[in-house]
Amino acid sequence: MSKVVTIQGRAVPVVGDDIDTDRIIPARYLKEITFSRMGNYPFYDERFNADRSLKNHPFNKPEYQGASILLGNVNFGCGSSREHAPQALVRWGIKALVAESFAEIFAQNCVMLGTPAVIASKEDVAQLQKLAQEAPQTEFTLDLASMTVKAGSLSVPIRLADTRRKALMEGTWDSTGLLLANADKTKAVAQQLGYLS
Amino acid sequence: MAKRTLYNKVWDAHTVTTLPTGQTQLFIGLHLIHEVTSPQAFDMLRERGLKVAYPQRTFATMDHIVPTRNQKRPFTDSEAEQMMQAIELNTKEFGVNFFDFASGRQGVVHIIGPELGLTQPGQTIACGDSHTSTHGAFGTLAFGIGTSQVRDVLATQCLAMDPMKVRRIEINGQLKSGVTPKDVALYIINRLGVKGGLGYAYEYAGEVFDRMSMEGRMTVCNMSIEGGARAGYVNPDQTTFDYLKGREYVPQGQAWESAVARWKAWASDADAEYDDVVRFDASKIEPMVTWGVTPGQSVSVLQPLPAPSTIADAGERQSLELAYQHMKLKPGQKPDEIAINVAFIGSCTNGRIEDLRAAASVVKGRHVAKGVEAFVVPGSMKVREQAMKEGLDKVFQEAGFEWRLAGCSMCLAMNPDQLKGDQISASSSNRNFIGRQGSPTGRTLLMSPAMVAAAAIAGHVVDVRTF
Ligand code: SF4
């Protein structure tokens, strides 16, 4: 598993509070039994009209193609627990997300994919979004060692739970191996619980 | 050790160890899976050469994708059929319990867990579905997970977790007549906001919850996630034990007595310490209806829709404006001015027997308004069977409702049940997100099953109490 410390690239602003996972990926694309094609679908109904013509969405704009960092606002990823949502973003090219807040299940799903979902203040997010809108070619650097995002003349502090930061930086974000290593202790706990007969 | 909440007790009892990352390795007592978020997890097990560690603690069903009119195999939708075959194959290959149609126990995953008695006080419960919070009604710590975490639970029966905070939501006093658990849930979300619960488990307490049925508690716990709380629970009491008694997976005879004794210990201590406490007055709650595109954008059925100009926060104001644009509604409109095209009764929020009884009592002897498409989708095969025993299917059909087979149906519309164009629905489900009910321009009004029933009859939103 790779260590995730620094992520560099251009940023795409997705402005708005409470952007739910049904908007990030509509349920009809959950019918596929693998994640392999999810990169085709992020924000599908906000990007395409019924006749496939393009709507005005940042994910459609030429200047944001190849962007690595998504800039969101409040309660990003709320609603359904579908991992298809971060899968769709990651397979589209997103490697990290910065927002004012994330829904809890979405944030945890991101970590499970080795994708930092970090918090910044309202003012800082607004500045980062403004920069990405006015100068889309700007290189952003998100650094978990210094816990900052730097872009142009901006440098803003970010937050992430220590446990998640550690998991990402040490490359242990895929937790299966860690959990499997304690199979004996798991058994002992299971035996103490009255209900597992 | 006093001063502990139910959350603390369950968390501690299920803690295996602290991982090198500092996360807690938490044992999961009951793992529920369904067809949509599990196939990728089984594939990951195959890729890694792993087995299911505790196959007897995982139970599968199918609900999201199943058609509710005709469940004959193969399904007409080839993707749905493929998904069905995947869960059939995976449960067989990995030795996991599977409630398929033939079992007579199929249904929405959060309805069948409790009704079969799988859900029991003091458990940790995980499922690849955000409404796993429903099971908290039994005094469990139950929460939704993503597919990579489903893989972890399958492979190890554990999760790497960070602790939650606990907020006690206490509602005392008497609910007005005609005010239902769904109204209580929508009221809480309206007051605390859709992000108010981020980082929290909600403990629901006070006279209102003490008196509430298990069905009602499930409705409220179900909607915790809509308020941002990943888990919600009610301390177990006699109501809980009475509901569980005699159910299929619950211990019987002497074992029942010792189970109840064990369950009683799981409640929060009287002097438990909380990270936050909020209190509401039951008598202030009216029947609620959402008008916007988040479950928090709601009003009492008596109130006009809010003006965005009264909202100070720019982000929230923008959300409101977006909601008005999508919903094609105007500030100041009264809920009862909103005409509906579709009425949907069902889902893991309100697809249980008590919900169907409440709706049936409203529609009995009346008829669905002209032009309204109305249907009832029981939450499980067992709910359907019980309703038919009570003759509710007849009541609904005589009133012009279609009587369907069990499934998630138009709650998320990844099956044939979908809104068309900008149709507007009155729904007893839990999400009014843009596109949620299958049409990118479709519109959803959330309300209690009785209110949906009344709206179906009237052809527009209406206060069920005036009926
Ligand atoms: S009924 Fe709706 S909310 Fe419940 S599990 Fe099914 S899709 Fe999810």
# chains A, B, ... in the order shown; residues from 1 in each chain; ligands from 1
$ select_by_dssp --residues "stretch 64-256 of chain B" --states "strand (DSSP E)" --output "PyMOL selection string"
chain B and resi 97-99+124-127+141-144+158-161+165-172+200-205+231-233
$ select_by_dssp --residues "stretch 52-251 of chain B" --states "alpha helix (DSSP H)" --output "PyMOL selection string"
chain B and resi 78-94+109-115+147-156+181-192+207-211+214-222+238-244
$ residues_near_ligand --ligand "ligand 1" --cutoff "8 Å" --atoms "only C-alpha atoms and all ligand atoms" --output "PyMOL selection string"
(chain A and resi 80) or (chain B and resi 63-64+108-110+129-131+346-349+379+407-413+429-431)
$ write_last_selection --atoms "N, CA, C and O atoms" --output "tab-separated table (two decimals), in the first residue's frame"
chain	number	residue	atom	x	y	z
A	80	SER	N	-26.48	8.78	1.05
A	80	SER	CA	-26.20	7.36	0.86
A	80	SER	C	-24.73	7.03	1.13
A	80	SER	O	-23.83	7.79	0.79
B	63	ASP	N	-32.97	-6.08	-2.05
B	63	ASP	CA	-34.06	-5.11	-1.84
B	63	ASP	C	-33.99	-3.93	-2.80
B	63	ASP	O	-34.99	-3.52	-3.38
B	64	HIS	N	-32.79	-3.39	-3.03
B	64	HIS	CA	-32.68	-2.15	-3.79
B	64	HIS	C	-33.13	-2.30	-5.24
B	64	HIS	O	-33.79	-1.44	-5.80
B	108	VAL	N	-36.63	-5.26	2.68
B	108	VAL	CA	-35.62	-4.23	2.88
B	108	VAL	C	-34.77	-4.61	4.08
B	108	VAL	O	-35.29	-4.99	5.14
B	109	VAL	N	-33.48	-4.55	3.90
B	109	VAL	CA	-32.53	-5.09	4.87
B	109	VAL	C	-32.79	-4.57	6.30
B	109	VAL	O	-32.69	-5.31	7.27
B	110	HIS	N	-33.19	-3.30	6.42
B	110	HIS	CA	-33.40	-2.73	7.76
B	110	HIS	C	-34.77	-3.08	8.34
B	110	HIS	O	-35.07	-2.78	9.48
B	129	ASP	N	-24.98	0.36	3.94
B	129	ASP	CA	-26.17	1.16	3.66
B	129	ASP	C	-26.32	2.18	4.78
B	129	ASP	O	-26.25	1.82	5.95
B	130	SER	N	-26.53	3.43	4.42
B	130	SER	CA	-26.50	4.48	5.44
B	130	SER	C	-27.64	4.38	6.45
B	130	SER	O	-27.52	4.88	7.57
B	131	HIS	N	-28.75	3.76	6.07
B	131	HIS	CA	-29.88	3.69	7.02
B	131	HIS	C	-29.78	2.56	8.03
B	131	HIS	O	-30.76	2.22	8.71
B	346	GLY	N	-43.94	3.34	1.53
B	346	GLY	CA	-43.01	2.22	1.66
B	346	GLY	C	-41.68	2.69	2.20
B	346	GLY	O	-41.61	3.74	2.84
B	347	SER	N	-40.63	1.89	2.01
B	347	SER	CA	-39.23	2.15	2.41
B	347	SER	C	-38.92	1.68	3.82
B	347	SER	O	-39.82	1.37	4.60
B	348	CYS	N	-37.61	1.68	4.15
B	348	CYS	CA	-37.20	1.26	5.49
B	348	CYS	C	-37.54	2.30	6.54
B	348	CYS	O	-37.44	2.03	7.73
B	349	THR	N	-37.96	3.49	6.12
B	349	THR	CA	-38.42	4.49	7.09
B	349	THR	C	-39.85	4.20	7.49
B	349	THR	O	-40.19	4.22	8.67
B	379	GLY	N	-42.54	-3.28	3.27
B	379	GLY	CA	-41.09	-3.32	3.45
B	379	GLY	C	-40.50	-4.73	3.37
B	379	GLY	O	-39.30	-4.88	3.16
B	407	GLY	N	-39.77	-4.39	-1.47
B	407	GLY	CA	-38.50	-3.89	-2.00
B	407	GLY	C	-38.33	-2.42	-1.64
B	407	GLY	O	-39.19	-1.83	-0.98
B	408	CYS	N	-37.21	-1.84	-2.07
B	408	CYS	CA	-36.94	-0.42	-1.80
B	408	CYS	C	-37.75	0.49	-2.71
B	408	CYS	O	-38.02	1.64	-2.38
B	409	SER	N	-38.07	-0.03	-3.89
B	409	SER	CA	-38.97	0.67	-4.80
B	409	SER	C	-38.52	2.11	-5.09
B	409	SER	O	-37.35	2.36	-5.37
B	410	MET	N	-39.45	3.04	-4.99
B	410	MET	CA	-39.16	4.41	-5.43
B	410	MET	C	-38.43	5.23	-4.37
B	410	MET	O	-38.22	6.42	-4.55
B	411	CYS	N	-38.02	4.57	-3.28
B	411	CYS	CA	-37.18	5.29	-2.31
B	411	CYS	C	-35.90	5.73	-3.00
B	411	CYS	O	-35.45	6.85	-2.79
B	412	LEU	N	-35.32	4.86	-3.81
B	412	LEU	CA	-34.11	5.26	-4.55
B	412	LEU	C	-34.18	4.95	-6.03
B	412	LEU	O	-33.28	5.33	-6.77
B	413	ALA	N	-35.24	4.26	-6.46
B	413	ALA	CA	-35.52	4.17	-7.89
B	413	ALA	C	-34.40	3.55	-8.71
B	413	ALA	O	-34.17	3.97	-9.83
B	429	SER	N	-40.73	7.93	2.25
B	429	SER	CA	-39.33	7.52	2.36
B	429	SER	C	-38.49	8.60	3.06
B	429	SER	O	-39.04	9.42	3.79
B	430	ASN	N	-37.19	8.61	2.82
B	430	ASN	CA	-36.32	9.43	3.67
B	430	ASN	C	-35.48	10.48	2.94
B	430	ASN	O	-34.83	11.29	3.56
B	431	ARG	N	-35.46	10.45	1.61
B	431	ARG	CA	-34.59	11.40	0.90
B	431	ARG	C	-35.33	12.09	-0.23
B	431	ARG	O	-35.96	11.44	-1.05
$ interface_residues --of "chain A" --to "chain B" --cutoff "8 Å" --atoms "only C-alpha atoms" --output "number ranges by chain"
A: 16-18, 20, 22-23, 26-28, 30-35, 45, 75, 78-83, 103-106, 109, 112-113, 162-164, 166-167, 172, 175-176, 178-180, 182-183, 185-186, 189-190, 193-194, 196
$ residues_around --residues "B:Glu286" --least-positions-apart "5" --cutoff "12 Å" --atoms "only C-alpha atoms" --output "PyMOL selection string"
chain B and resi 174-188+281+298-303+447-448+451+463-465
$ atom_distance --atom1 "atom CA of B:Ala142" --atom2 "atom CA of B:Thr124"
5.7 Å
